[in-house]
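Novice: Sharing input-v1.csv (CSV, C-alpha atoms) below.
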```csv
chain,number,residue,atom,x,y,z
W,212,MET,CA,-28.0,-31.0,-41.1
W,213,LYS,CA,-25.0,-31.2,-38.8
W,214,GLN,CA,-25.4,-33.1,-35.6
W,215,ILE,CA,-24.0,-31.7,-32.3
W,216,ASP,CA,-24.3,-33.4,-29.0
W,217,TYR,CA,-25.4,-31.4,-26.0
W,218,GLU,CA,-26.7,-32.1,-22.5
W,219,PHE,CA,-29.2,-30.2,-20.5
W,220,ARG,CA,-29.6,-31.8,-17.1
W,221,SER,CA,-28.7,-29.4,-14.4
W,222,ASP,CA,-27.7,-30.4,-10.9
W,223,PHE,CA,-29.3,-27.4,-9.3
W,224,ASN,CA,-32.7,-28.7,-10.3
W,225,GLU,CA,-32.3,-31.5,-7.8
W,226,ARG,CA,-32.2,-29.2,-4.8
W,227,TYR,CA,-36.0,-29.0,-4.6
W,228,SER,CA,-38.6,-31.6,-5.0
W,229,LEU,CA,-40.6,-32.0,-8.2
W,230,VAL,CA,-43.7,-30.8,-6.5
W,231,SER,CA,-42.0,-27.6,-5.3
W,232,ARG,CA,-40.6,-27.0,-8.8
W,233,ARG,CA,-44.0,-27.4,-10.3
W,234,ILE,CA,-45.4,-24.8,-7.9
W,235,LEU,CA,-42.6,-22.4,-8.9
W,236,ARG,CA,-43.3,-23.1,-12.6
W,237,MET,CA,-47.0,-22.3,-12.1
W,238,LEU,CA,-46.1,-19.0,-10.3
W,239,SER,CA,-43.5,-18.1,-13.0
W,240,GLU,CA,-46.1,-18.6,-15.7
W,241,ASP,CA,-48.8,-16.7,-13.8
W,242,SER,CA,-47.8,-15.2,-10.5
W,243,ARG,CA,-51.4,-14.3,-9.7
W,244,SER,CA,-52.3,-18.0,-9.6
W,245,SER,CA,-54.3,-18.6,-6.4
W,246,ILE,CA,-53.0,-21.0,-3.7
W,247,SER,CA,-56.3,-22.8,-3.9
W,248,GLY,CA,-56.0,-23.3,-7.6
W,249,ILE,CA,-52.4,-24.6,-7.3
W,250,SER,CA,-53.4,-27.0,-4.6
W,251,ARG,CA,-56.3,-28.4,-6.6
W,252,SER,CA,-54.1,-28.7,-9.7
W,253,LEU,CA,-51.4,-30.6,-7.9
W,254,GLY,CA,-53.7,-32.6,-5.5
W,255,LEU,CA,-52.0,-31.0,-2.4
W,256,SER,CA,-53.5,-29.4,0.7
W,257,ARG,CA,-53.6,-25.7,0.7
W,258,GLN,CA,-51.4,-25.6,3.8
W,259,SER,CA,-48.8,-27.7,2.0
W,260,VAL,CA,-48.6,-25.3,-0.9
W,261,VAL,CA,-48.4,-22.3,1.4
W,262,GLU,CA,-45.5,-23.9,3.3
W,263,ARG,CA,-43.6,-24.8,0.1
W,264,VAL,CA,-44.1,-21.3,-1.4
W,265,GLN,CA,-42.9,-19.6,1.8
W,266,LYS,CA,-39.8,-21.8,1.9
W,267,MET,CA,-38.9,-21.0,-1.7
W,268,GLU,CA,-39.6,-17.3,-1.1
W,269,LYS,CA,-37.2,-17.3,1.8
W,270,GLU,CA,-34.4,-19.5,0.3
W,271,LEU,CA,-34.6,-18.3,-3.3
W,272,GLY,CA,-35.5,-14.7,-2.8
W,273,ILE,CA,-38.6,-15.0,-5.0
W,274,GLY,CA,-40.2,-11.8,-6.0
W,275,TYR,CA,-43.4,-11.2,-8.0
W,276,THR,CA,-43.2,-8.8,-10.9
W,277,LEU,CA,-44.4,-8.0,-14.4
W,278,GLU,CA,-43.1,-9.0,-17.9
W,279,LEU,CA,-44.1,-5.8,-19.6
W,280,ASN,CA,-44.6,-4.9,-23.3
W,281,GLU,CA,-42.1,-2.2,-23.8
W,282,ASP,CA,-43.2,-1.4,-27.3
W,283,ALA,CA,-46.8,-0.9,-26.3
W,284,LEU,CA,-45.7,1.3,-23.4
W,285,GLY,CA,-43.7,3.5,-25.7
W,286,PHE,CA,-40.2,2.5,-24.6
W,287,LEU,CA,-38.8,2.2,-28.1
W,288,ASP,CA,-35.0,2.4,-27.5
W,289,PRO,CA,-33.9,-0.8,-25.9
W,290,HIS,CA,-30.1,-1.3,-26.0
W,291,LEU,CA,-27.7,-3.9,-24.7
W,292,ILE,CA,-24.2,-2.6,-23.9
W,293,LEU,CA,-21.0,-4.4,-23.2
W,294,VAL,CA,-18.6,-2.1,-21.3
W,295,ARG,CA,-14.9,-2.9,-20.9
W,296,PHE,CA,-12.5,-1.0,-18.6
W,297,SER,CA,-8.7,-0.8,-18.8
W,298,SER,CA,-8.6,-0.8,-15.0
W,299,ARG,CA,-11.1,-2.2,-12.5
W,300,PRO,CA,-13.6,0.6,-11.6
W,301,ASP,CA,-14.9,1.6,-8.2
W,302,TYR,CA,-18.2,-0.4,-8.4
W,303,LYS,CA,-19.6,1.6,-5.5
W,304,TYR,CA,-19.3,4.7,-7.7
W,305,ILE,CA,-20.7,2.7,-10.7
W,306,LYS,CA,-23.7,1.6,-8.7
W,307,GLU,CA,-24.3,5.2,-7.5
W,308,ILE,CA,-24.3,6.8,-10.9
W,309,PHE,CA,-26.4,4.2,-12.6
W,310,SER,CA,-28.9,4.0,-9.8
W,311,GLY,CA,-29.4,7.7,-10.1
W,312,SER,CA,-30.7,7.4,-13.7
W,313,TYR,CA,-34.0,5.9,-14.9
W,314,VAL,CA,-32.5,4.7,-18.2
W,315,PRO,CA,-30.5,1.6,-17.0
W,316,GLN,CA,-32.8,-1.3,-16.2
W,317,LEU,CA,-30.0,-3.9,-15.5
W,318,VAL,CA,-26.4,-3.3,-14.7
W,319,ALA,CA,-24.2,-6.3,-13.9
W,320,SER,CA,-20.5,-6.8,-13.5
W,321,LEU,CA,-18.8,-9.8,-15.0
W,322,ARG,CA,-16.3,-12.1,-13.4
W,323,GLY,CA,-12.8,-10.5,-13.4
W,324,GLY,CA,-14.2,-7.1,-12.6
W,325,ARG,CA,-13.2,-5.3,-15.8
W,326,GLU,CA,-16.4,-5.9,-17.9
W,327,MET,CA,-20.0,-5.0,-17.4
W,328,ILE,CA,-23.3,-5.5,-19.2
W,329,ILE,CA,-26.1,-3.0,-19.3
W,330,TYR,CA,-29.7,-3.2,-20.5
W,331,ALA,CA,-31.0,0.4,-21.1
W,332,ASN,CA,-34.3,1.9,-22.3
W,333,ALA,CA,-35.7,5.4,-22.4
W,334,VAL,CA,-38.8,7.4,-23.3
W,335,SER,CA,-37.2,8.9,-26.4
W,336,ARG,CA,-34.2,8.4,-28.7
W,337,GLN,CA,-32.9,11.8,-27.7
W,338,GLU,CA,-32.9,11.0,-24.0
W,339,TYR,CA,-31.2,7.6,-24.6
W,340,VAL,CA,-28.4,9.3,-26.7
W,341,HIS,CA,-27.9,11.9,-24.0
W,342,TRP,CA,-27.6,9.3,-21.3
W,343,ASP,CA,-25.3,7.1,-23.5
W,344,LYS,CA,-22.8,10.0,-24.0
W,345,SER,CA,-23.1,11.2,-20.4
W,346,MET,CA,-22.2,7.8,-19.0
W,347,GLN,CA,-19.2,7.4,-21.2
W,348,ILE,CA,-17.9,10.7,-20.0
W,349,LEU,CA,-18.4,9.8,-16.3
W,350,LEU,CA,-16.6,6.5,-16.9
W,351,ALA,CA,-13.8,8.0,-19.0
W,352,ASP,CA,-11.2,7.8,-16.2
W,353,TYR,CA,-11.4,4.0,-16.2
W,354,GLY,CA,-10.5,3.7,-19.9
W,355,VAL,CA,-13.9,2.7,-21.0
W,356,SER,CA,-14.8,0.8,-24.2
W,357,TRP,CA,-18.6,1.1,-24.8
W,358,GLN,CA,-20.2,-1.3,-27.4
W,359,ALA,CA,-23.9,-0.7,-27.7
W,360,SER,CA,-26.4,-2.7,-29.7
W,361,GLU,CA,-30.1,-2.2,-30.2
W,362,VAL,CA,-32.3,-5.0,-29.1
W,363,ALA,CA,-34.1,-5.9,-32.4
W,364,HIS,CA,-36.0,-9.0,-31.3
W,365,ARG,CA,-36.5,-10.8,-28.0
W,366,GLN,CA,-36.7,-14.6,-28.7
W,367,LEU,CA,-36.8,-15.6,-25.1
W,368,GLY,CA,-37.0,-13.9,-21.8
W,369,PHE,CA,-37.5,-10.3,-20.7
W,370,PHE,CA,-35.7,-7.5,-18.9
W,371,PRO,CA,-37.5,-6.4,-15.6
W,372,LEU,CA,-38.2,-2.7,-15.8
W,373,ARG,CA,-37.5,-0.4,-12.9
W,374,ASN,CA,-40.2,1.8,-11.4
W,375,GLU,CA,-38.0,4.8,-12.1
W,376,LEU,CA,-38.7,4.2,-15.9
W,377,LEU,CA,-42.4,3.4,-15.4
W,378,GLU,CA,-42.8,6.7,-13.5
W,379,ARG,CA,-42.2,8.4,-16.9
W,380,LEU,CA,-45.1,6.6,-18.6
W,381,ASN,CA,-47.5,8.8,-20.4
W,382,LEU,CA,-50.6,7.1,-19.0
W,383,PRO,CA,-53.5,8.2,-16.7
W,384,ILE,CA,-52.1,8.1,-13.2
W,385,LYS,CA,-54.6,5.4,-12.1
W,386,TYR,CA,-53.1,3.0,-14.6
W,387,LYS,CA,-49.5,4.1,-14.1
W,388,GLU,CA,-49.6,3.7,-10.3
W,389,MET,CA,-51.3,0.3,-10.6
W,390,ILE,CA,-48.6,-0.9,-13.0
W,391,LYS,CA,-45.9,0.3,-10.6
W,392,ILE,CA,-47.5,-1.5,-7.6
W,393,LEU,CA,-47.9,-4.7,-9.6
W,394,ASN,CA,-44.3,-4.4,-10.9
W,395,THR,CA,-43.1,-4.5,-7.3
W,396,ASN,CA,-45.6,-7.2,-6.2
W,397,SER,CA,-47.7,-8.8,-9.0
W,398,ARG,CA,-49.6,-10.9,-6.4
W,399,ALA,CA,-51.0,-7.8,-4.7
W,400,SER,CA,-54.6,-8.4,-3.9
W,401,PHE,CA,-57.4,-6.1,-4.9
W,402,GLN,CA,-57.7,-5.1,-1.2
W,403,GLU,CA,-54.0,-4.2,-1.2
W,404,LEU,CA,-54.3,-2.3,-4.4
W,405,SER,CA,-57.3,-0.5,-3.1
W,406,ARG,CA,-55.4,0.5,0.1
W,407,GLN,CA,-52.3,1.8,-1.8
W,408,LEU,CA,-54.2,3.6,-4.5
W,409,GLY,CA,-56.9,5.0,-2.3
W,410,MET,CA,-59.6,3.6,-4.5
W,411,HIS,CA,-62.8,1.7,-3.8
W,412,PHE,CA,-62.4,-2.1,-4.2
W,413,ASN,CA,-64.9,-2.2,-7.1
W,414,THR,CA,-63.0,0.7,-8.9
W,415,VAL,CA,-59.8,-1.2,-8.5
W,416,ALA,CA,-61.3,-4.4,-10.0
W,417,TYR,CA,-62.7,-2.4,-12.9
W,418,ASN,CA,-59.4,-0.6,-13.6
W,419,PHE,CA,-57.4,-3.9,-13.3
W,420,LYS,CA,-59.6,-5.5,-15.9
W,421,LYS,CA,-59.2,-2.5,-18.2
W,422,LEU,CA,-55.5,-2.6,-17.7
W,423,GLU,CA,-55.3,-6.3,-18.6
W,424,GLY,CA,-56.9,-5.5,-22.0
W,425,MET,CA,-54.4,-2.7,-22.9
W,426,ASN,CA,-51.6,-5.1,-24.0
W,427,TYR,CA,-49.1,-3.5,-21.6
W,428,ILE,CA,-48.6,-6.6,-19.5
W,429,ARG,CA,-47.4,-9.7,-21.2
W,430,ARG,CA,-47.2,-11.9,-18.0
W,431,PHE,CA,-47.5,-11.8,-14.3
W,432,THR,CA,-44.4,-13.6,-13.3
W,433,THR,CA,-41.5,-14.1,-10.9
W,434,VAL,CA,-37.9,-13.3,-10.4
W,435,MET,CA,-35.4,-14.8,-7.9
W,436,LYS,CA,-32.0,-14.1,-6.6
W,437,PRO,CA,-29.2,-16.2,-8.2
W,438,PRO,CA,-29.2,-19.6,-6.6
W,439,GLU,CA,-25.9,-20.8,-5.0
W,440,ASN,CA,-23.6,-22.7,-7.3
W,441,VAL,CA,-25.3,-21.6,-10.5
W,442,TRP,CA,-23.3,-19.7,-13.0
W,443,PHE,CA,-25.0,-17.3,-15.3
W,444,MET,CA,-23.0,-16.9,-18.5
W,445,SER,CA,-23.6,-13.9,-20.7
W,446,THR,CA,-22.7,-14.2,-24.4
W,447,PHE,CA,-22.4,-11.6,-27.1
W,448,GLY,CA,-22.0,-12.8,-30.7
W,449,LYS,CA,-21.1,-11.1,-34.0
W,450,TYR,CA,-21.3,-13.0,-37.2
W,451,VAL,CA,-21.4,-12.7,-41.0
W,452,ILE,CA,-24.6,-14.2,-42.4
W,453,SER,CA,-24.1,-17.1,-44.9
W,454,ARG,CA,-26.6,-18.9,-47.1
W,455,SER,CA,-27.0,-21.6,-44.5
W,456,PHE,CA,-27.9,-19.1,-41.8
W,457,GLU,CA,-31.4,-20.3,-41.3
W,458,GLU,CA,-30.3,-23.9,-41.0
W,459,ASP,CA,-27.6,-23.0,-38.5
W,460,ALA,CA,-29.9,-20.8,-36.5
W,461,ALA,CA,-32.4,-23.6,-36.3
W,462,MET,CA,-29.7,-25.8,-34.8
W,463,SER,CA,-28.8,-23.2,-32.2
W,464,ARG,CA,-32.5,-22.8,-31.2
W,465,LYS,CA,-32.4,-26.5,-30.0
W,466,ALA,CA,-30.2,-25.4,-27.2
W,467,PHE,CA,-32.3,-22.4,-26.3
W,468,GLN,CA,-35.5,-24.3,-26.3
W,469,ALA,CA,-34.4,-27.6,-24.6
W,470,ASP,CA,-34.5,-27.7,-20.8
W,471,ASP,CA,-35.0,-29.9,-17.8
W,472,GLU,CA,-38.7,-30.6,-17.3
W,473,ASN,CA,-40.1,-28.4,-14.5
W,474,SER,CA,-36.7,-26.8,-14.0
W,475,LEU,CA,-35.9,-24.7,-10.9
W,476,VAL,CA,-34.3,-22.2,-13.2
W,477,SER,CA,-34.7,-22.1,-17.0
W,478,ARG,CA,-31.5,-23.1,-18.7
W,479,TYR,CA,-31.7,-19.9,-20.9
W,480,ILE,CA,-33.3,-16.9,-19.3
W,481,LEU,CA,-32.5,-14.5,-22.2
W,482,VAL,CA,-32.0,-14.8,-25.9
W,483,SER,CA,-32.1,-11.7,-28.2
W,484,GLN,CA,-31.2,-10.7,-31.7
W,485,LEU,CA,-29.3,-7.4,-31.8
W,486,VAL,CA,-28.3,-4.7,-34.3
W,487,GLY,CA,-25.1,-2.7,-33.9
W,488,SER,CA,-21.9,-3.7,-32.2
W,489,PHE,CA,-23.2,-7.3,-31.8
W,490,ASP,CA,-25.8,-9.5,-33.5
W,491,PHE,CA,-26.8,-11.8,-30.7
W,492,PHE,CA,-27.0,-12.0,-26.9
W,493,SER,CA,-27.9,-14.7,-24.4
W,494,ILE,CA,-27.8,-15.4,-20.7
W,495,GLY,CA,-27.7,-19.1,-19.7
W,496,ALA,CA,-27.7,-20.9,-16.4
W,497,PHE,CA,-25.1,-23.6,-15.8
W,498,ASP,CA,-23.7,-25.8,-13.0
W,499,ASN,CA,-20.1,-24.6,-13.5
W,500,LEU,CA,-17.9,-22.6,-15.9
W,501,ASP,CA,-16.7,-25.6,-17.8
W,502,GLN,CA,-20.3,-26.6,-18.5
W,503,ALA,CA,-21.1,-23.0,-19.5
W,504,TYR,CA,-18.4,-23.0,-22.1
W,505,ARG,CA,-18.8,-26.5,-23.3
W,506,ASN,CA,-22.7,-26.6,-23.6
W,507,GLY,CA,-23.2,-22.8,-24.1
W,508,VAL,CA,-20.4,-20.9,-25.8
W,509,ARG,CA,-18.8,-23.8,-27.7
W,510,TYR,CA,-22.2,-25.2,-28.8
W,511,TYR,CA,-23.1,-21.8,-30.3
W,512,LYS,CA,-19.8,-21.5,-32.1
W,513,LYS,CA,-20.3,-24.9,-33.6
W,514,CYS,CA,-23.8,-24.2,-34.7
W,515,MET,CA,-22.9,-20.9,-36.3
W,516,ALA,CA,-19.5,-22.0,-37.7
W,517,ASN,CA,-20.5,-21.0,-41.3
W,518,GLU,CA,-21.1,-17.5,-40.0
W,519,LYS,CA,-17.6,-17.2,-38.5
W,520,PRO,CA,-18.9,-15.9,-35.2
W,521,LYS,CA,-16.8,-13.8,-32.9
W,522,VAL,CA,-18.1,-14.5,-29.4
W,523,THR,CA,-17.5,-12.5,-26.2
W,524,TYR,CA,-18.6,-14.2,-23.0
W,525,GLY,CA,-18.4,-13.8,-19.3
W,526,ALA,CA,-20.0,-15.0,-16.1
W,527,ILE,CA,-22.2,-12.5,-14.2
W,528,GLU,CA,-20.6,-11.7,-10.9
W,529,GLU,CA,-22.8,-9.1,-9.3
W,530,VAL,CA,-26.1,-7.3,-10.2
W,531,LEU,CA,-25.5,-3.7,-9.4
W,532,VAL,CA,-28.8,-2.2,-10.6
W,533,GLY,CA,-32.1,-4.0,-11.3
W,534,ASN,CA,-32.9,-7.7,-11.3
W,535,LEU,CA,-31.8,-10.7,-13.4
W,536,PRO,CA,-35.0,-12.3,-14.9
W,537,ILE,CA,-34.3,-15.7,-13.2
W,538,ARG,CA,-37.4,-17.8,-13.3
W,539,SER,CA,-38.8,-21.2,-14.5
W,540,LEU,CA,-40.8,-21.4,-17.7
W,541,ASP,CA,-41.7,-23.9,-20.4
W,542,THR,CA,-39.1,-22.7,-22.8
W,543,ARG,CA,-40.4,-24.8,-25.7
W,544,LYS,CA,-43.8,-23.1,-25.3
W,545,VAL,CA,-42.6,-19.5,-25.0
W,546,TYR,CA,-39.6,-19.4,-27.3
W,547,ASN,CA,-40.3,-17.4,-30.5
W,548,THR,CA,-39.0,-19.4,-33.4
W,549,ILE,CA,-39.2,-16.6,-36.0
W,550,LYS,CA,-37.5,-17.4,-39.3
W,551,TRP,CA,-35.0,-15.0,-40.6
W,552,THR,CA,-35.6,-15.4,-44.3
W,553,PRO,CA,-34.1,-12.8,-46.7
W,554,THR,CA,-36.6,-11.1,-49.0
W,555,ARG,CA,-36.0,-11.2,-52.7
```
Is it possible to give me this structure as structure tokens?
Specialist:
Amino acid sequence: MKQIDYEFRSDFNERYSLVSRRILRMLSEDSRSSISGISRSLGLSRQSVVERVQKMEKELGIGYTLELNEDALGFLDPHLILVRFSSRPDYKYIKEIFSGSYVPQLVASLRGGREMIIYANAVSRQEYVHWDKSMQILLADYGVSWQASEVAHRQLGFFPLRNELLERLNLPIKYKEMIKILNTNSRASFQELSRQLGMHFNTVAYNFKKLEGMNYIRRFTTVMKPPENVWFMSTFGKYVISRSFEEDAAMSRKAFQADDENSLVSRYILVSQLVGSFDFFSIGAFDNLDQAYRNGVRYYKKCMANEKPKVTYGAIEEVLVGNLPIRSLDTRKVYNTIKWTPTR
């Protein structure tokens, strides 16, 4: 197997102490972890944990949300779209039209201002197709090129879903409303849920337990605003599968699974296999653009050289709709190492 050198140490991880990063990791893996439980696990006083959490909430813009099982919820049309414009669009207008629809879950412009990525999902194929065509018509004046791919398999990460989409869930209202509240604040106490839902505390506890068993929620987790001096590189890949594909893919997985221990931000926050205009998508966090190209884009090209990859990449400049799923997880533990072995 070919050997390719790569480095994974990130300068931005040094901004917070190891203890603070461990607290963030615990909250990212289960945002409903109690302060008392975290303090016992780390041998800290409860007050010390509270102060560290409050500091990170303020400085990193930490929010508490849900990693949801879109298949189980019935959202079966996930698509990633790369949009290119012949002229820079009015992003105020872009934000307005996309915010007004429940279909786009993430819309972000790329550095340079003439490219944009979208993650979209809908309650039916018909509604997705209608939205897809409508958006292309609305953007036609900017000379739009619209390359859509279906998300076939998420190997790492998730896309935070907007409550506008969750509102369309075909679920009993007691569960739908609880999911929406937890999607906004997954640390909401039973007392807070009881107040917002207008339910008795015991009824809330019972329904919460039932909801946990329904396979709709994969994880109670966190998101944060993009930290300063961290570049988030988006990469789309198109390749021709060769006989050595599985070996090459195994090499590329080393990059996606390797990370600084107890990182402030996971090196790769998204890795997905696609079907359509592109075959692959990732978002990685890097200290600078040179590192993003050298250890991200170029590494992927070398790993997949036998597949003759065509790679389109760009740094995310502004999130217009939704949230980037920036968090800290044990990537080796959560990465799905599915083998893509052809059937005979």
Novice: Determine, counting all atoms listed in the file, which protein, DNA and RNA residues have an atom within 6 Å of an atom of Ile494 in chain W; residues of the same chain fewer than 6 positions away are not included. Present the result as JSON, numbers by chain.
Specialist: {"W": [444, 445, 479, 480, 481]}
Novice: Which residue out of W:Phe447, W:Tyr511, W:Phe296, W:Phe309 has the minimum interatomic distance to Gly533 in chain W when all atoms listed in the file are used?
Specialist: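 That would be W:Phe309, the residue with the smallest distance to Gly533 in chain W.
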Novice: Distance table requested - range 435-531 of chain W against range 535-542 of chain W, cut-off 8 Å, all atoms listed in the file: one row per qualifying residue with the closest atom pair and its distance in Å to one decimal, ordered by chain and rising residue number, as CSV.
Specialist:
```
residue,atom,partner,partner_atom,distance
W:Met435,CA,W:Ile537,CA,5.5
W:Lys436,CA,W:Ile537,CA,7.2
W:Pro437,CA,W:Ile537,CA,7.2
W:Phe467,CA,W:Thr542,CA,7.7
W:Gln468,CA,W:Thr542,CA,5.3
W:Ala469,CA,W:Thr542,CA,7.0
W:Asp470,CA,W:Thr542,CA,7.1
W:Glu472,CA,W:Asp541,CA,8.0
W:Asn473,CA,W:Ser539,CA,7.3
W:Ser474,CA,W:Ser539,CA,6.0
W:Leu475,CA,W:Ser539,CA,5.8
W:Val476,CA,W:Ser539,CA,4.8
W:Ser477,CA,W:Ser539,CA,4.9
W:Ile480,CA,W:Ile537,CA,6.3
W:Val530,CA,W:Leu535,CA,7.4
```
Novice: Mind checking which residues fall within 6 Å of Glu326 in chain W, counting only C-alpha atoms, ignoring those fewer than 2 positions away in the same chain, and posting them as a ChimeraX atom specification?
Specialist: /W:294-295,321,324
Novice: Once you have the residues from the selection above, write them out as a short mmCIF file (atom, residue, chain, number, x, y, z; two decimals), in the coordinates of the input, restricted to C-alpha atoms.
Specialist:
```cif
data_model
loop_
_atom_site.label_atom_id
_atom_site.label_comp_id
_atom_site.auth_asym_id
_atom_site.auth_seq_id
_atom_site.Cartn_x
_atom_site.Cartn_y
_atom_site.Cartn_z
CA VAL W 294 -18.60 -2.10 -21.30
CA ARG W 295 -14.90 -2.90 -20.90
CA LEU W 321 -18.80 -9.80 -15.00
CA GLY W 324 -14.20 -7.10 -12.60
#
```
Novice: Around the point (-20.8, -23.6, -20.4), in the coordinates given by the file, pick out the residues reaching within 12 Å, counting only C-alpha atoms, and return them as a VMD selection string.
Specialist: chain W and resid 217 to 219 221 441 to 446 466 478 to 479 494 to 512 524 to 526
Novice: Hey, which of W:Val260, W:Leu485, W:Leu377, W:Val532 ends up closest to Leu277 in chain W? Count all atoms listed in the file.
Specialist: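 For Leu277 in chain W, the nearest of the candidates is W:Leu377.
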Novice: Quote the spacing between CA of Leu531 in chain W and CA of Asp288 in chain W in Å to one decimal place.
Specialist: 21.3 Å
Novice: Is it possible to get the residues within 10 Å of (-49.5, 2.1, -18.4) (coordinates as in the file, counting all atoms listed in the file) written as a list of chain:residue names?
Specialist: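 Looking at atoms near the point gives W:Leu279, W:Asn280, W:Ala283, W:Leu284, W:Gly285, W:Leu377, W:Glu378, W:Arg379, W:Leu380, W:Asn381, W:Leu382, W:Pro383, W:Ile384, W:Lys385, W:Tyr386, W:Lys387, W:Glu388, W:Met389, W:Ile390, W:Lys391, W:Leu422, W:Met425, W:Asn426, W:Tyr427, W:Ile428.
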Novice: So, with all atoms listed in the file as the atoms that count, which of W:Ala460, W:Ser310, W:Pro520, W:Leu367 lies closest to Met346 in chain W?
Specialist: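 Of the candidates, the smallest distance to Met346 in chain W is held by W:Ser310.
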Novice: Please identify all polymer residues within 7 Å of Ile328 in chain W, counting all atoms listed in the file, omitting same-chain residues fewer than 6 positions from it, and present them as a list of chain:residue names.
Specialist: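 Using all atoms listed in the file, the neighbours found are W:Ile292, W:Leu293, W:Val294, W:Val318, W:Ala319, W:Ser320.
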Novice: Between W:Leu291, W:Met267, W:Met410, W:Leu255, which one has atoms that come closest to Arg226 in chain W, using only C-alpha atoms?
Specialist: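 Nearest candidate to Arg226 in chain W out of W:Leu291, W:Met267, W:Met410, W:Leu255: W:Met267.
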Novice: For range 266-282 of chain W, supply N, CA and C atoms and format the output as a PDB file, in the coordinates of the input.
Specialist:
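To be explicit, this is the file written out as rebuild-v4.pdb:
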```
ATOM      1  N   LYS W 266     -41.230 -21.317   1.883  1.00  0.00           N
ATOM      2  CA  LYS W 266     -39.800 -21.800   1.900  1.00  0.00           C
ATOM      3  C   LYS W 266     -39.042 -21.336   0.753  1.00  0.00           C
ATOM      4  N   MET W 267     -39.621 -21.407  -0.464  1.00  0.00           N
ATOM      5  CA  MET W 267     -38.900 -21.000  -1.700  1.00  0.00           C
ATOM      6  C   MET W 267     -38.727 -19.445  -1.673  1.00  0.00           C
ATOM      7  N   GLU W 268     -39.730 -18.724  -1.183  1.00  0.00           N
ATOM      8  CA  GLU W 268     -39.600 -17.300  -1.100  1.00  0.00           C
ATOM      9  C   GLU W 268     -38.413 -16.871  -0.242  1.00  0.00           C
ATOM     10  N   LYS W 269     -38.250 -17.569   0.875  1.00  0.00           N
ATOM     11  CA  LYS W 269     -37.200 -17.300   1.800  1.00  0.00           C
ATOM     12  C   LYS W 269     -35.816 -17.691   1.244  1.00  0.00           C
ATOM     13  N   GLU W 270     -35.730 -18.913   0.733  1.00  0.00           N
ATOM     14  CA  GLU W 270     -34.400 -19.500   0.300  1.00  0.00           C
ATOM     15  C   GLU W 270     -33.995 -19.000  -1.058  1.00  0.00           C
ATOM     16  N   LEU W 271     -34.934 -18.742  -1.951  1.00  0.00           N
ATOM     17  CA  LEU W 271     -34.600 -18.300  -3.300  1.00  0.00           C
ATOM     18  C   LEU W 271     -34.791 -16.851  -3.565  1.00  0.00           C
ATOM     19  N   GLY W 272     -35.305 -16.145  -2.567  1.00  0.00           N
ATOM     20  CA  GLY W 272     -35.500 -14.700  -2.800  1.00  0.00           C
ATOM     21  C   GLY W 272     -36.514 -14.420  -3.862  1.00  0.00           C
ATOM     22  N   ILE W 273     -37.581 -15.213  -3.944  1.00  0.00           N
ATOM     23  CA  ILE W 273     -38.600 -15.000  -5.000  1.00  0.00           C
ATOM     24  C   ILE W 273     -39.292 -13.718  -4.862  1.00  0.00           C
ATOM     25  N   GLY W 274     -39.388 -12.996  -5.968  1.00  0.00           N
ATOM     26  CA  GLY W 274     -40.200 -11.800  -6.000  1.00  0.00           C
ATOM     27  C   GLY W 274     -41.195 -11.893  -7.128  1.00  0.00           C
ATOM     28  N   TYR W 275     -42.264 -11.148  -7.017  1.00  0.00           N
ATOM     29  CA  TYR W 275     -43.400 -11.200  -8.000  1.00  0.00           C
ATOM     30  C   TYR W 275     -43.404  -9.896  -8.765  1.00  0.00           C
ATOM     31  N   THR W 276     -43.336  -9.998 -10.084  1.00  0.00           N
ATOM     32  CA  THR W 276     -43.200  -8.800 -10.900  1.00  0.00           C
ATOM     33  C   THR W 276     -43.973  -8.958 -12.208  1.00  0.00           C
ATOM     34  N   LEU W 277     -43.737  -8.038 -13.146  1.00  0.00           N
ATOM     35  CA  LEU W 277     -44.400  -8.000 -14.400  1.00  0.00           C
ATOM     36  C   LEU W 277     -43.433  -8.209 -15.575  1.00  0.00           C
ATOM     37  N   GLU W 278     -43.817  -8.982 -16.555  1.00  0.00           N
ATOM     38  CA  GLU W 278     -43.100  -9.000 -17.900  1.00  0.00           C
ATOM     39  C   GLU W 278     -43.955  -8.005 -18.723  1.00  0.00           C
ATOM     40  N   LEU W 279     -43.360  -6.842 -19.009  1.00  0.00           N
ATOM     41  CA  LEU W 279     -44.100  -5.800 -19.600  1.00  0.00           C
ATOM     42  C   LEU W 279     -43.799  -5.679 -21.145  1.00  0.00           C
ATOM     43  N   ASN W 280     -44.768  -5.155 -21.888  1.00  0.00           N
ATOM     44  CA  ASN W 280     -44.600  -4.900 -23.300  1.00  0.00           C
ATOM     45  C   ASN W 280     -44.064  -3.553 -23.548  1.00  0.00           C
ATOM     46  N   GLU W 281     -42.755  -3.484 -23.701  1.00  0.00           N
ATOM     47  CA  GLU W 281     -42.100  -2.200 -23.800  1.00  0.00           C
ATOM     48  C   GLU W 281     -42.515  -1.397 -25.023  1.00  0.00           C
ATOM     49  N   ASP W 282     -42.758  -2.082 -26.133  1.00  0.00           N
ATOM     50  CA  ASP W 282     -43.200  -1.400 -27.300  1.00  0.00           C
ATOM     51  C   ASP W 282     -44.546  -0.702 -27.105  1.00  0.00           C
TER      52      ASP W 282
END
```
